[in-house]
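K.L.:
The following file, query_30.cif, comprises mmCIF, C-alpha atoms and all ligand atoms:
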data_structure
loop_
_atom_site.label_atom_id
_atom_site.label_comp_id
_atom_site.auth_asym_id
_atom_site.auth_seq_id
_atom_site.Cartn_x
_atom_site.Cartn_y
_atom_site.Cartn_z
CA MET A 1405 11.41 3.48 -4.37
CA THR A 1406 8.74 0.74 -4.27
CA THR A 1407 10.24 -2.67 -3.81
CA PRO A 1408 8.97 -5.42 -6.09
CA THR A 1409 7.64 -7.58 -3.28
CA GLY A 1410 4.07 -7.91 -2.25
CA PRO A 1411 0.91 -9.87 -1.95
CA GLY A 1412 0.48 -10.71 -5.62
CA LEU A 1413 -2.24 -9.49 -7.93
CA ASP A 1414 -5.26 -10.99 -9.62
CA LEU A 1415 -5.04 -9.78 -13.19
CA PRO A 1416 -8.06 -7.76 -14.32
CA ASN A 1417 -10.55 -9.39 -16.68
CA GLY A 1418 -9.39 -9.23 -20.26
CA PHE A 1419 -5.75 -8.61 -19.26
CA LEU A 1420 -3.51 -9.57 -22.17
CA MET A 1421 -0.62 -11.92 -21.42
CA GLY A 1422 1.54 -12.82 -24.34
CA ALA A 1423 4.67 -12.12 -26.31
CA SER A 1424 5.86 -9.81 -29.08
CA THR A 1425 7.81 -9.98 -32.31
CA SER A 1426 8.47 -7.61 -35.21
CA PRO A 1427 8.34 -8.52 -38.90
CA HIS A 1428 11.95 -7.87 -39.88
CA GLN A 1429 13.28 -9.71 -36.86
CA VAL A 1430 11.39 -12.96 -37.47
CA GLU A 1431 9.96 -13.16 -40.99
CA GLY A 1432 13.08 -13.42 -43.15
CA ASN A 1433 13.89 -12.07 -46.62
CA ASN A 1434 12.45 -8.62 -46.13
CA VAL A 1435 14.10 -7.64 -49.37
CA SER A 1436 12.23 -4.43 -50.15
CA SER A 1437 13.09 -2.82 -46.81
CA ASP A 1438 15.74 -0.23 -46.08
CA TRP A 1439 17.25 -2.51 -43.45
CA TRP A 1440 17.87 -5.28 -45.97
CA GLN A 1441 19.67 -2.69 -48.06
CA ILE A 1442 21.80 -1.59 -45.09
CA GLU A 1443 22.65 -5.20 -44.28
CA HIS A 1444 23.95 -5.82 -47.79
CA ARG A 1445 25.69 -2.54 -48.50
CA PRO A 1446 29.45 -2.93 -49.03
CA GLY A 1447 31.30 -2.02 -45.85
CA THR A 1448 28.16 -2.21 -43.73
CA PHE A 1449 28.53 -2.13 -39.97
CA VAL A 1450 26.08 -5.01 -39.74
CA ALA A 1451 27.79 -8.09 -38.33
CA GLU A 1452 25.41 -10.56 -39.95
CA PRO A 1453 22.45 -10.03 -42.27
CA SER A 1454 18.94 -11.13 -41.31
CA GLY A 1455 18.64 -13.67 -44.15
CA ASP A 1456 15.83 -16.11 -43.47
CA ALA A 1457 15.47 -14.77 -39.91
CA VAL A 1458 13.43 -17.52 -38.24
CA ASP A 1459 11.16 -17.93 -41.25
CA SER A 1460 8.04 -16.80 -39.43
CA PHE A 1461 6.73 -15.47 -42.71
CA HIS A 1462 5.93 -19.11 -43.49
CA ARG A 1463 5.79 -20.49 -39.95
CA TRP A 1464 3.53 -17.96 -38.23
CA ALA A 1465 0.81 -20.56 -37.68
CA GLU A 1466 3.22 -22.83 -35.83
CA ASP A 1467 4.38 -19.86 -33.73
CA MET A 1468 0.82 -18.99 -32.82
CA ASP A 1469 0.00 -22.64 -32.03
CA LEU A 1470 2.89 -22.72 -29.59
CA LEU A 1471 1.93 -19.47 -27.89
CA SER A 1472 -1.64 -20.51 -27.37
CA GLU A 1473 -0.67 -24.01 -26.20
CA LEU A 1474 1.72 -22.46 -23.70
CA GLY A 1475 -1.21 -20.57 -22.13
CA PHE A 1476 -0.92 -17.08 -23.60
CA ASN A 1477 -3.95 -15.09 -24.76
CA SER A 1478 -2.24 -12.46 -26.90
CA TYR A 1479 0.39 -12.05 -29.60
CA ARG A 1480 1.90 -8.79 -30.80
CA PHE A 1481 3.20 -8.97 -34.34
CA GLY A 1482 3.76 -6.47 -37.08
CA ILE A 1483 2.70 -5.74 -40.61
CA GLU A 1484 5.68 -4.99 -42.85
CA TRP A 1485 5.20 -1.79 -44.86
CA ALA A 1486 7.91 -2.86 -47.32
CA ARG A 1487 5.87 -5.96 -48.17
CA ILE A 1488 2.52 -4.18 -48.33
CA GLU A 1489 3.89 -1.38 -50.51
CA PRO A 1490 7.17 -2.58 -52.03
CA GLU A 1491 7.09 0.30 -54.52
CA ARG A 1492 5.45 3.63 -53.86
CA GLY A 1493 1.71 3.40 -54.44
CA LYS A 1494 1.87 -0.28 -55.52
CA VAL A 1495 0.03 -2.33 -52.94
CA SER A 1496 0.69 -6.07 -52.84
CA ARG A 1497 -2.71 -7.70 -52.49
CA ALA A 1498 -0.94 -10.95 -51.60
CA ALA A 1499 0.77 -9.27 -48.67
CA VAL A 1500 -2.54 -7.82 -47.48
CA ALA A 1501 -4.07 -11.30 -47.69
CA HIS A 1502 -1.10 -12.76 -45.81
CA TYR A 1503 -1.53 -10.43 -42.84
CA ARG A 1504 -5.30 -10.82 -42.87
CA ALA A 1505 -4.72 -14.56 -42.55
CA MET A 1506 -2.44 -13.90 -39.58
CA VAL A 1507 -5.09 -11.81 -37.84
CA THR A 1508 -7.69 -14.51 -38.44
CA GLY A 1509 -5.20 -17.17 -37.32
CA ALA A 1510 -4.54 -15.35 -34.06
CA LEU A 1511 -8.25 -14.88 -33.32
CA GLU A 1512 -8.97 -18.55 -34.09
CA ARG A 1513 -6.37 -19.59 -31.53
CA GLY A 1514 -7.67 -17.29 -28.80
CA LEU A 1515 -4.73 -14.91 -29.20
CA THR A 1516 -5.76 -11.26 -29.14
CA PRO A 1517 -3.67 -9.65 -31.87
CA VAL A 1518 -1.83 -6.42 -31.10
CA VAL A 1519 -0.59 -5.19 -34.46
CA THR A 1520 2.33 -2.85 -35.20
CA LEU A 1521 2.41 -0.91 -38.47
CA HIS A 1522 6.03 0.26 -38.35
CA HIS A 1523 8.83 -1.43 -36.42
CA PHE A 1524 12.14 0.23 -37.39
CA THR A 1525 12.01 -0.79 -41.07
CA SER A 1526 10.63 1.25 -43.95
CA PRO A 1527 10.34 0.46 -47.64
CA ARG A 1528 13.52 1.36 -49.51
CA TRP A 1529 11.67 3.89 -51.63
CA PHE A 1530 10.50 5.73 -48.51
CA SER A 1531 14.03 5.97 -47.13
CA GLU A 1532 15.32 7.10 -50.50
CA LEU A 1533 12.82 9.96 -50.44
CA GLY A 1534 14.34 11.09 -47.15
CA GLY A 1535 12.43 8.86 -44.75
CA TRP A 1536 10.64 10.72 -41.96
CA LEU A 1537 12.16 13.97 -43.19
CA ALA A 1538 10.60 13.62 -46.65
CA PRO A 1539 8.20 16.55 -47.16
CA ASP A 1540 5.19 14.25 -47.45
CA ALA A 1541 6.33 11.58 -44.97
CA ALA A 1542 3.22 11.87 -42.79
CA GLU A 1543 0.85 11.55 -45.78
CA LEU A 1544 2.79 8.59 -47.16
CA PHE A 1545 2.65 6.84 -43.82
CA ALA A 1546 -1.04 7.68 -43.40
CA GLU A 1547 -1.72 6.26 -46.87
CA TYR A 1548 -0.08 3.01 -45.80
CA ALA A 1549 -2.21 3.08 -42.62
CA ARG A 1550 -5.30 3.31 -44.87
CA THR A 1551 -4.27 0.06 -46.52
CA ALA A 1552 -3.41 -1.48 -43.17
CA ALA A 1553 -6.97 -0.71 -42.02
CA GLU A 1554 -8.14 -3.43 -44.43
CA ILE A 1555 -6.14 -5.90 -42.38
CA LEU A 1556 -7.15 -4.55 -39.00
CA GLU A 1557 -10.88 -4.43 -39.79
CA ILE A 1558 -11.30 -8.17 -39.36
CA GLY A 1559 -10.95 -8.08 -35.59
CA VAL A 1560 -7.93 -6.12 -34.37
CA ARG A 1561 -8.64 -3.76 -31.49
CA HIS A 1562 -5.19 -2.53 -30.49
CA VAL A 1563 -2.90 -1.10 -33.13
CA VAL A 1564 0.56 0.46 -32.78
CA THR A 1565 1.33 3.09 -35.40
CA ILE A 1566 5.09 3.39 -34.84
CA ASN A 1567 7.33 1.29 -32.61
CA GLU A 1568 9.72 3.33 -30.46
CA PRO A 1569 9.72 6.62 -32.37
CA ASN A 1570 12.19 7.85 -29.75
CA MET A 1571 14.68 5.16 -30.77
CA LEU A 1572 14.05 5.94 -34.44
CA ALA A 1573 14.97 9.59 -33.80
CA VAL A 1574 18.18 8.55 -32.04
CA MET A 1575 19.05 6.13 -34.83
CA HIS A 1576 18.56 8.86 -37.37
CA ALA A 1577 20.97 11.14 -35.51
CA ILE A 1578 23.51 8.35 -35.15
CA ARG A 1579 23.36 7.68 -38.89
CA ASN A 1580 24.10 11.34 -39.57
CA VAL A 1581 27.07 11.36 -37.24
CA ALA A 1582 28.33 8.14 -38.77
CA ALA A 1583 27.98 9.57 -42.26
CA GLU A 1584 29.99 12.63 -41.23
CA HIS A 1585 32.73 10.29 -40.08
CA GLY A 1586 32.67 8.48 -43.40
CA TRP A 1587 31.10 5.30 -42.08
CA GLU A 1588 28.60 3.47 -44.15
CA SER A 1589 25.67 3.63 -41.81
CA ILE A 1590 24.64 2.93 -38.29
CA ALA A 1591 21.04 2.13 -37.87
CA HIS A 1592 20.35 0.75 -34.43
CA GLY A 1593 21.37 2.99 -31.62
CA LYS A 1594 21.16 0.25 -29.03
CA GLN A 1595 23.71 -2.02 -30.62
CA LYS A 1596 26.81 -2.04 -28.51
CA ASN A 1597 28.66 -4.85 -30.24
CA ALA A 1598 28.74 -3.36 -33.70
CA PRO A 1599 32.03 -3.96 -35.46
CA THR A 1600 34.16 -1.38 -37.29
CA GLY A 1601 33.52 2.32 -36.72
CA ALA A 1602 30.12 1.76 -35.20
CA ALA A 1603 31.52 0.80 -31.83
CA ALA A 1604 33.31 4.12 -31.59
CA ILE A 1605 30.06 6.05 -31.46
CA ASP A 1606 28.46 6.06 -28.05
CA PRO A 1607 24.74 6.50 -28.81
CA ALA A 1608 24.27 8.03 -25.36
CA THR A 1609 26.28 11.07 -26.42
CA ILE A 1610 24.30 11.84 -29.57
CA ASP A 1611 21.24 14.05 -29.36
CA PRO A 1612 18.17 13.02 -31.30
CA ASP A 1613 17.27 15.15 -34.27
CA ALA A 1614 14.41 17.48 -33.24
CA ASP A 1615 13.10 17.63 -36.84
CA VAL A 1616 12.76 13.87 -36.92
CA VAL A 1617 11.05 13.91 -33.52
CA HIS A 1618 8.42 16.34 -34.79
CA ALA A 1619 8.03 14.49 -38.09
CA LEU A 1620 7.36 11.25 -36.23
CA ILE A 1621 4.74 12.88 -34.03
CA GLU A 1622 3.06 14.29 -37.13
CA ALA A 1623 3.15 10.91 -38.88
CA HIS A 1624 1.65 9.22 -35.81
CA ARG A 1625 -1.18 11.76 -35.68
CA ALA A 1626 -1.87 11.51 -39.40
CA ALA A 1627 -1.98 7.71 -39.29
CA SER A 1628 -4.12 7.73 -36.13
CA ALA A 1629 -6.69 9.98 -37.78
CA VAL A 1630 -6.90 7.70 -40.83
CA LEU A 1631 -7.23 4.59 -38.69
CA LYS A 1632 -9.92 6.10 -36.48
CA SER A 1633 -11.93 7.27 -39.43
CA ALA A 1634 -11.69 3.79 -40.99
CA ASP A 1635 -12.83 2.18 -37.74
CA PRO A 1636 -13.83 4.36 -34.80
CA GLY A 1637 -13.66 1.28 -32.54
CA LEU A 1638 -9.92 0.82 -33.09
CA LYS A 1639 -7.70 1.60 -30.11
CA VAL A 1640 -4.75 3.45 -31.57
CA GLY A 1641 -1.47 4.11 -29.81
CA TRP A 1642 2.26 3.83 -30.20
CA THR A 1643 5.04 2.29 -28.15
CA ILE A 1644 7.77 4.26 -26.42
CA ALA A 1645 11.18 2.96 -25.32
CA ASN A 1646 11.32 3.80 -21.64
CA GLN A 1647 14.88 4.34 -20.52
CA VAL A 1648 14.19 4.82 -16.79
CA TYR A 1649 16.50 7.79 -16.39
CA GLN A 1650 17.54 8.08 -12.76
CA ALA A 1651 19.05 11.36 -11.63
CA GLU A 1652 21.98 11.21 -9.25
CA PRO A 1653 21.84 13.77 -6.45
CA GLY A 1654 22.07 17.27 -7.90
CA ALA A 1655 21.50 16.04 -11.46
CA GLN A 1656 17.72 16.35 -11.80
CA GLU A 1657 17.87 19.23 -14.25
CA VAL A 1658 20.49 17.54 -16.39
CA ALA A 1659 18.43 14.33 -16.36
CA ASP A 1660 15.21 16.14 -17.29
CA ALA A 1661 16.91 17.91 -20.19
CA TYR A 1662 18.52 14.65 -21.33
CA ALA A 1663 15.20 12.81 -21.18
CA TRP A 1664 13.13 15.43 -22.99
CA LEU A 1665 13.83 14.72 -26.69
CA ARG A 1666 14.70 11.11 -25.93
CA GLU A 1667 11.46 10.18 -24.22
CA ASP A 1668 9.22 12.68 -22.48
CA ILE A 1669 8.25 14.68 -25.57
CA PHE A 1670 6.83 11.44 -27.00
CA LEU A 1671 4.97 10.66 -23.79
CA GLU A 1672 3.44 14.13 -23.78
CA ALA A 1673 2.45 13.69 -27.42
CA SER A 1674 0.50 10.56 -26.41
CA ARG A 1675 -2.00 12.31 -24.15
CA GLN A 1676 -4.77 12.14 -26.75
CA ASP A 1677 -4.13 8.50 -27.68
CA ASP A 1678 -6.35 5.54 -26.79
CA TRP A 1679 -3.49 3.74 -25.05
CA ILE A 1680 0.29 3.74 -24.85
CA GLY A 1681 2.85 0.95 -25.11
CA VAL A 1682 5.64 0.84 -22.54
CA GLN A 1683 8.83 -0.98 -23.60
CA VAL A 1684 11.52 -1.33 -21.02
CA TYR A 1685 14.61 -3.40 -20.32
CA THR A 1686 16.90 -1.52 -17.97
CA ARG A 1687 17.66 1.85 -16.36
CA HIS A 1688 20.12 4.67 -17.08
CA ARG A 1689 21.73 6.73 -14.37
CA ILE A 1690 22.39 10.39 -15.13
CA GLY A 1691 24.99 12.43 -13.29
CA THR A 1692 25.69 16.14 -13.43
CA ASP A 1693 27.72 15.59 -16.64
CA GLY A 1694 25.21 13.28 -18.31
CA PRO A 1695 24.87 9.48 -18.55
CA LEU A 1696 27.08 7.48 -16.21
CA PRO A 1697 28.94 4.30 -17.09
CA LEU A 1698 27.99 1.14 -15.22
CA PRO A 1699 29.99 0.61 -12.06
CA GLU A 1700 32.57 -2.18 -12.20
CA GLY A 1701 31.01 -5.54 -11.37
CA THR A 1702 27.44 -4.68 -12.41
CA GLU A 1703 25.60 -7.70 -13.76
CA THR A 1704 24.87 -7.13 -17.46
CA THR A 1705 22.96 -9.02 -20.13
CA LEU A 1706 23.97 -10.14 -23.63
CA THR A 1707 23.15 -6.64 -24.90
CA ASP A 1708 25.50 -5.13 -22.26
CA TRP A 1709 22.58 -3.60 -20.40
CA GLU A 1710 22.37 -3.58 -16.63
CA TYR A 1711 20.30 -6.43 -15.16
CA TYR A 1712 17.63 -4.28 -13.55
CA PRO A 1713 14.21 -5.94 -13.61
CA ARG A 1714 12.33 -3.39 -11.52
CA ALA A 1715 12.80 -0.94 -14.40
CA LEU A 1716 9.37 -2.20 -15.50
CA GLY A 1717 7.47 -0.84 -12.51
CA GLU A 1718 9.43 2.40 -12.60
CA ALA A 1719 8.76 2.89 -16.32
CA VAL A 1720 5.05 2.29 -15.86
CA ARG A 1721 4.87 4.84 -13.03
CA HIS A 1722 6.82 7.43 -15.02
CA THR A 1723 4.65 6.95 -18.09
CA ALA A 1724 1.44 7.22 -16.07
CA GLU A 1725 2.71 10.38 -14.43
CA VAL A 1726 3.64 12.13 -17.68
CA VAL A 1727 0.80 10.90 -19.89
CA GLY A 1728 -1.95 11.04 -17.27
CA PRO A 1729 -4.49 8.54 -15.98
CA GLN A 1730 -6.81 8.86 -18.99
CA VAL A 1731 -4.48 6.80 -21.20
CA PRO A 1732 -4.16 3.14 -20.22
CA ILE A 1733 -0.78 1.46 -20.52
CA MET A 1734 0.13 -1.80 -22.19
CA ILE A 1735 3.53 -3.40 -21.68
CA THR A 1736 4.37 -4.16 -25.28
CA GLU A 1737 7.99 -5.21 -24.67
CA ASN A 1738 9.96 -6.30 -21.62
CA GLY A 1739 12.56 -9.01 -21.44
CA ILE A 1740 16.22 -9.93 -21.27
CA ALA A 1741 18.90 -11.16 -23.67
CA THR A 1742 20.49 -14.09 -21.92
CA GLY A 1743 21.69 -17.62 -22.54
CA ASP A 1744 20.72 -18.48 -18.95
CA ASP A 1745 17.01 -19.22 -19.04
CA GLN A 1746 16.72 -19.34 -15.24
CA ARG A 1747 17.96 -15.76 -15.23
CA ARG A 1748 15.17 -14.89 -17.70
CA ILE A 1749 12.65 -16.33 -15.24
CA ASP A 1750 14.23 -14.42 -12.32
CA TYR A 1751 14.22 -11.21 -14.31
CA THR A 1752 10.62 -11.55 -15.47
CA ASP A 1753 9.42 -12.60 -12.03
CA GLU A 1754 10.90 -9.50 -10.44
CA ALA A 1755 9.77 -7.27 -13.31
CA LEU A 1756 6.19 -8.55 -12.93
CA ALA A 1757 6.29 -7.98 -9.18
CA SER A 1758 7.24 -4.35 -9.81
CA LEU A 1759 4.39 -4.13 -12.33
CA ALA A 1760 1.92 -5.60 -9.85
CA ALA A 1761 3.00 -3.01 -7.28
CA ALA A 1762 2.33 -0.18 -9.75
CA MET A 1763 -1.06 -1.68 -10.62
CA ARG A 1764 -1.97 -2.02 -6.95
CA ASP A 1765 -1.15 1.66 -6.64
CA GLY A 1766 -3.78 2.38 -9.28
CA VAL A 1767 -2.02 2.50 -12.66
CA GLU A 1768 -4.29 1.03 -15.36
CA VAL A 1769 -2.43 -1.66 -17.31
CA LEU A 1770 -4.06 -3.56 -20.17
CA GLY A 1771 -1.51 -6.29 -20.69
CA TYR A 1772 2.01 -7.65 -20.53
CA LEU A 1773 3.63 -8.80 -23.78
CA HIS A 1774 7.08 -10.24 -23.28
CA TRP A 1775 9.92 -9.52 -25.67
CA SER A 1776 10.30 -11.80 -27.37
CA ALA A 1777 8.25 -14.81 -28.39
CA LEU A 1778 11.21 -16.24 -30.33
CA ASP A 1779 14.98 -15.86 -30.42
CA ASN A 1780 15.35 -13.54 -33.37
CA TYR A 1781 17.38 -11.04 -35.38
CA GLU A 1782 18.60 -8.38 -32.98
CA TRP A 1783 19.32 -5.62 -35.53
CA GLY A 1784 22.67 -6.74 -36.86
CA THR A 1785 23.28 -9.96 -34.98
CA TYR A 1786 21.62 -13.16 -33.82
CA ARG A 1787 23.82 -13.34 -30.72
CA PRO A 1788 21.56 -11.74 -28.07
CA THR A 1789 18.79 -14.25 -27.37
CA PHE A 1790 15.61 -12.61 -26.05
CA GLY A 1791 13.23 -15.47 -26.88
CA LEU A 1792 10.90 -17.58 -24.78
CA ILE A 1793 11.18 -20.05 -27.63
CA ALA A 1794 14.53 -21.15 -29.10
CA VAL A 1795 14.86 -21.61 -32.84
CA ASP A 1796 17.33 -23.78 -34.74
CA ARG A 1797 18.27 -21.51 -37.61
CA GLU A 1798 19.11 -24.38 -39.97
CA THR A 1799 15.95 -26.45 -39.54
CA PHE A 1800 13.77 -23.69 -38.02
CA THR A 1801 12.66 -26.13 -35.33
CA ARG A 1802 11.06 -24.29 -32.43
CA THR A 1803 11.75 -25.37 -28.83
CA PRO A 1804 9.95 -23.61 -25.97
CA LYS A 1805 12.26 -22.81 -23.09
CA GLN A 1806 11.42 -23.37 -19.42
CA SER A 1807 10.69 -19.64 -19.16
CA ALA A 1808 7.97 -20.01 -21.81
CA ARG A 1809 6.25 -22.72 -19.76
CA TRP A 1810 6.63 -20.71 -16.57
CA LEU A 1811 5.21 -17.51 -18.07
CA GLY A 1812 2.49 -19.41 -19.94
CA ALA A 1813 1.38 -21.06 -16.68
CA LEU A 1814 1.30 -17.66 -15.01
CA ALA A 1815 -0.83 -16.34 -17.88
CA ARG A 1816 -3.23 -19.25 -17.45
CA SER A 1817 -3.49 -18.66 -13.70
CA GLY A 1818 -4.56 -15.03 -14.27
CA ARG A 1819 -2.47 -13.96 -11.32
CA ILE A 1820 0.92 -12.44 -10.60
CA PRO A 1821 1.89 -14.53 -7.59
CA GLU A 1822 2.81 -13.34 -4.17
CA ARG A 1823 6.46 -12.53 -3.93
CA PRO A 1824 7.55 -12.07 -0.35
CA GLU A 1825 11.28 -12.03 -0.88
CA LEU A 1826 13.73 -10.78 -3.42
CA PRO A 1827 16.65 -12.95 -4.43
CA GLU A 1828 19.91 -11.21 -3.72
CA ALA A 1829 21.10 -9.21 -6.71
CA ARG A 1830 24.23 -10.82 -8.13
CA ALA A 1831 26.22 -7.63 -7.89
CA ALA A 1832 25.85 -4.72 -5.55
CA SER A 1833 23.19 -2.31 -6.73
CA PRO A 1834 24.71 1.14 -7.17
CA ARG A 1835 21.89 2.85 -5.28
C1 LIG B 1901 12.87 -3.02 -30.10
C2 LIG B 1901 13.09 -4.45 -30.52
C3 LIG B 1901 14.45 -4.91 -30.00
C4 LIG B 1901 14.43 -4.85 -28.50
C5 LIG B 1901 15.73 -5.31 -27.84
C6 LIG B 1901 13.31 -2.71 -28.74
O1 LIG B 1901 14.02 -1.52 -28.86
O2 LIG B 1901 11.55 -2.62 -30.35
O3 LIG B 1901 13.03 -4.50 -31.91
O4 LIG B 1901 14.75 -6.20 -30.45
O5 LIG B 1901 14.20 -3.54 -28.07
O6 LIG B 1901 16.79 -4.52 -28.24
#
Show me the file's structure as structure tokens.
P.N.:
Amino acid sequence: MTTPTGPGLDLPNGFLMGASTSPHQVEGNNVSSDWWQIEHRPGTFVAEPSGDAVDSFHRWAEDMDLLSELGFNSYRFGIEWARIEPERGKVSRAAVAHYRAMVTGALERGLTPVVTLHHFTSPRWFSELGGWLAPDAAELFAEYARTAAEILEIGVRHVVTINEPNMLAVMHAIRNVAAEHGWESIAHGKQKNAPTGAAAIDPATIDPDADVVHALIEAHRAASAVLKSADPGLKVGWTIANQVYQAEPGAQEVADAYAWLREDIFLEASRQDDWIGVQVYTRHRIGTDGPLPLPEGTETTLTDWEYYPRALGEAVRHTAEVVGPQVPIMITENGIATGDDQRRIDYTDEALASLAAAMRDGVEVLGYLHWSALDNYEWGTYRPTFGLIAVDRETFTRTPKQSARWLGALARSGRIPERPELPEARAASPR
């Protein structure tokens, strides 16, 4: 395994360095979305509703000012389908104008916008039709992409059709299992701290629904075709949650089978795309009986994931291997939920060193967008803080953390610095 040490790396010209958010997690009051409905359903598993989130719907300009002042040159944000099309076929011109203003605002501040069309939330009407399993799901999504093209045409180059389709497929399966058990709903497969029945379902044991997997691939292709015909210059891709599955000795076949519907099928489906987004936080070890629990004493984060920064380099190498060298990679999410900002710096430093090593070995990487720009709504709770910028949720005052200044300075320098030594891991690494 390549160690994340090395002589540093001058970032290629045009390399994007920035941070990411998603509409539902930062905007607030996304009332026409299926998630809002889940949050407010009686008996919901959701610990706290999103409410005002961090009010970025109104404060996006301030957020962008901060990011550009900190030294970043890119911002990934999303367009909310439930705002653009709150009822089927009824496009909100005001919402289109809102997101066009955001694109213009980003460009004016020197932030290259990377725009997501779907980030876990759908309009309520779409979910009520059956969501991705609705017979005309791909056409409905492509129709929305046609409207989104009016926003993108004013200067967006990189667009994400669907964020983490592989997580969406898992979430769908979890919801079905939950429904069978008589629970209201479980929508985010990564949430470990969900109250009530949710905690009893270990997402790792539930297989994604193959029909949903294929429906998502079809929707991605349909939307990509519409976007490319609207603007052949657009670079269209999607973002895949990379789980860094590591096979224990003798478990390679089990690991490959486990990874197929959860990740690799989506990577293979990306071979014709213009680029692919890699999103990675930690690793998962697979034994001969499937996923293994973390060994006692492993350092974990506020989302209960193993502290394992070099997952970034490993994810990038795996993606490049499966997708092939013709599709450049962009890191569209990478980060850590922690209340210890020094640990965020340590994590990101080591993650970037592992990225630099992969790039030195020849993997083409277009950018690094940290998750997240702001502390935000982590799908059911505000407790895990992923942000470079803290937000007071009463006054909405934004306060950049030390990590934001550190990463912003690195962005400005255009270089991932030399990193001769690794700090000792806080707990013994299992391998
Ligand atoms: C998602 C984000 C989420 C993050 C941390 C990714 O799966 O795209 O919405 O907040 O991981 O859980």
K.L.:
If you count all atoms listed in the file, which residues fall within 10 Å of Val1658 in chain A, apart from same-chain ones fewer than 3 positions away, as a ChimeraX atom specification?
P.N.:
/A:1651-1652,1654-1655,1661-1663,1690-1695
K.L.:
Using all atoms listed in the file, what does the table of chain A residues within 7 Å of ligand LIG 1901 (chain B) look like, with each row giving the shortest atom pair and its distance in Å to one decimal, sorted by chain and ascending number, as JSON lines?
P.N.:
{"residue": "A:Ser1426", "atom": "CA", "partner": "B:LIG1901", "partner_atom": "O3", "distance": 6.4}
{"residue": "A:His1523", "atom": "CA", "partner": "B:LIG1901", "partner_atom": "O2", "distance": 6.8}
{"residue": "A:Asn1567", "atom": "CA", "partner": "B:LIG1901", "partner_atom": "O2", "distance": 6.2}
{"residue": "A:Glu1568", "atom": "CA", "partner": "B:LIG1901", "partner_atom": "O2", "distance": 6.2}
{"residue": "A:Met1571", "atom": "CA", "partner": "B:LIG1901", "partner_atom": "O1", "distance": 7.0}
{"residue": "A:Lys1594", "atom": "CA", "partner": "B:LIG1901", "partner_atom": "O6", "distance": 6.5}
{"residue": "A:Ala1645", "atom": "CA", "partner": "B:LIG1901", "partner_atom": "O1", "distance": 6.4}
{"residue": "A:Glu1782", "atom": "CA", "partner": "B:LIG1901", "partner_atom": "O4", "distance": 5.1}
{"residue": "A:Trp1783", "atom": "CA", "partner": "B:LIG1901", "partner_atom": "O4", "distance": 6.9}
K.L.:
Name all residues at most 7 Å from range 1759-1776 of chain A (count all atoms listed in the file; drop same-chain ones fewer than 3 positions away) and give them as a list in words.
P.N.:
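Counting all atoms listed in the file, the residues come to Pro1408, Gly1412, Leu1413, Phe1419, Leu1420, Met1421, Gly1422, Ala1423, Ser1424, Thr1425, Leu1716, Gly1717, Arg1721, Ala1724, Pro1732, Ile1733, Met1734, Ile1735, Thr1736, Glu1737, Asn1738, Gly1739, Ala1755, Leu1756, Asp1779, Phe1790, Gly1791, Leu1792 and Ile1820 of chain A.
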K.L.:
So, with all atoms listed in the file as the atoms that count, which of A:Leu1778, A:Val1720, A:Val1560, A:Val1450 lies closest to Asp1635 in chain A?
P.N.:
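Result for the nearest residue to Asp1635 in chain A: A:Val1560.
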K.L.:
With all atoms listed in the file as the basis for distance, which of A:Glu1703, A:Glu1484, A:Glu1822, A:Glu1547 is at the shortest distance from Tyr1751 in chain A?
P.N.:
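The closest residue to Tyr1751 in chain A is A:Glu1703.
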K.L.:
With distances taken over only C-alpha atoms, which residue among A:Gly1701, A:Pro1804, A:Pro1612, A:Pro1453 lies nearest Asp1469 in chain A?
P.N.:
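Under the stated criterion, the closest residue is A:Pro1804.
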K.L.:
Can you work out the spacing between CA of His1502 in chain A and CA of Asp1677 in chain A in Å, to one decimal?
P.N.:
28.1 Å
K.L.:
Determine the nearest neighbour of Leu1521 in chain A from the options A:Thr1609, A:Gln1650, A:Ser1478, A:Thr1565, counting all atoms listed in the file.
P.N.:
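Nearest candidate to Leu1521 in chain A out of A:Thr1609, A:Gln1650, A:Ser1478, A:Thr1565: A:Thr1565.
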K.L.:
Nearest to Phe1524 in chain A: which of A:Trp1440, A:Arg1550, A:Gly1447, A:Ala1582 is it, counting all atoms listed in the file?
P.N.:
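Checking each of A:Trp1440, A:Arg1550, A:Gly1447, A:Ala1582 against Phe1524 in chain A, counting all atoms listed in the file, the winner is A:Trp1440.
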K.L.:
Select, from A:Ala1757, A:Leu1470, A:Ala1451, A:Val1518, the residue with the minimum atom-to-atom distance to Gly1410 in chain A, counting only C-alpha atoms.
P.N.:
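For Gly1410 in chain A, the nearest of the given residues is A:Ala1757.
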K.L.:
So that I can check the surroundings of His1722 in chain A, please list as a ChimeraX atom specification every protein, DNA and RNA residue that reaches within 12 Å of it, counting all atoms listed in the file and ignoring chain neighbours fewer than 3 positions away.
P.N.:
/A:1644,1646-1650,1663,1667-1668,1671-1672,1682,1684,1715-1719,1725-1729,1733,1762,1767
K.L.:
Can you measure CA of Gln1730 in chain A to CA of Ile1680 in chain A for me? One decimal in Å is fine.
P.N.:
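Distance reported for this atom pair: 10.5 Å.
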K.L.:
Using Å and a single decimal, report how far CA of Arg1819 in chain A sits from CA of Asp1414 in chain A.
P.N.:
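CA of Arg1819 in chain A lies 4.4 Å from CA of Asp1414 in chain A.
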K.L.:
Would you be able to write out as a ChimeraX atom specification which residues have an atom within 10 Å of (7.9, -13.4, -42.9) in the file's coordinates, counting all atoms listed in the file?
P.N.:
/A:1426-1434,1456-1464,1482-1484,1487,1502-1503
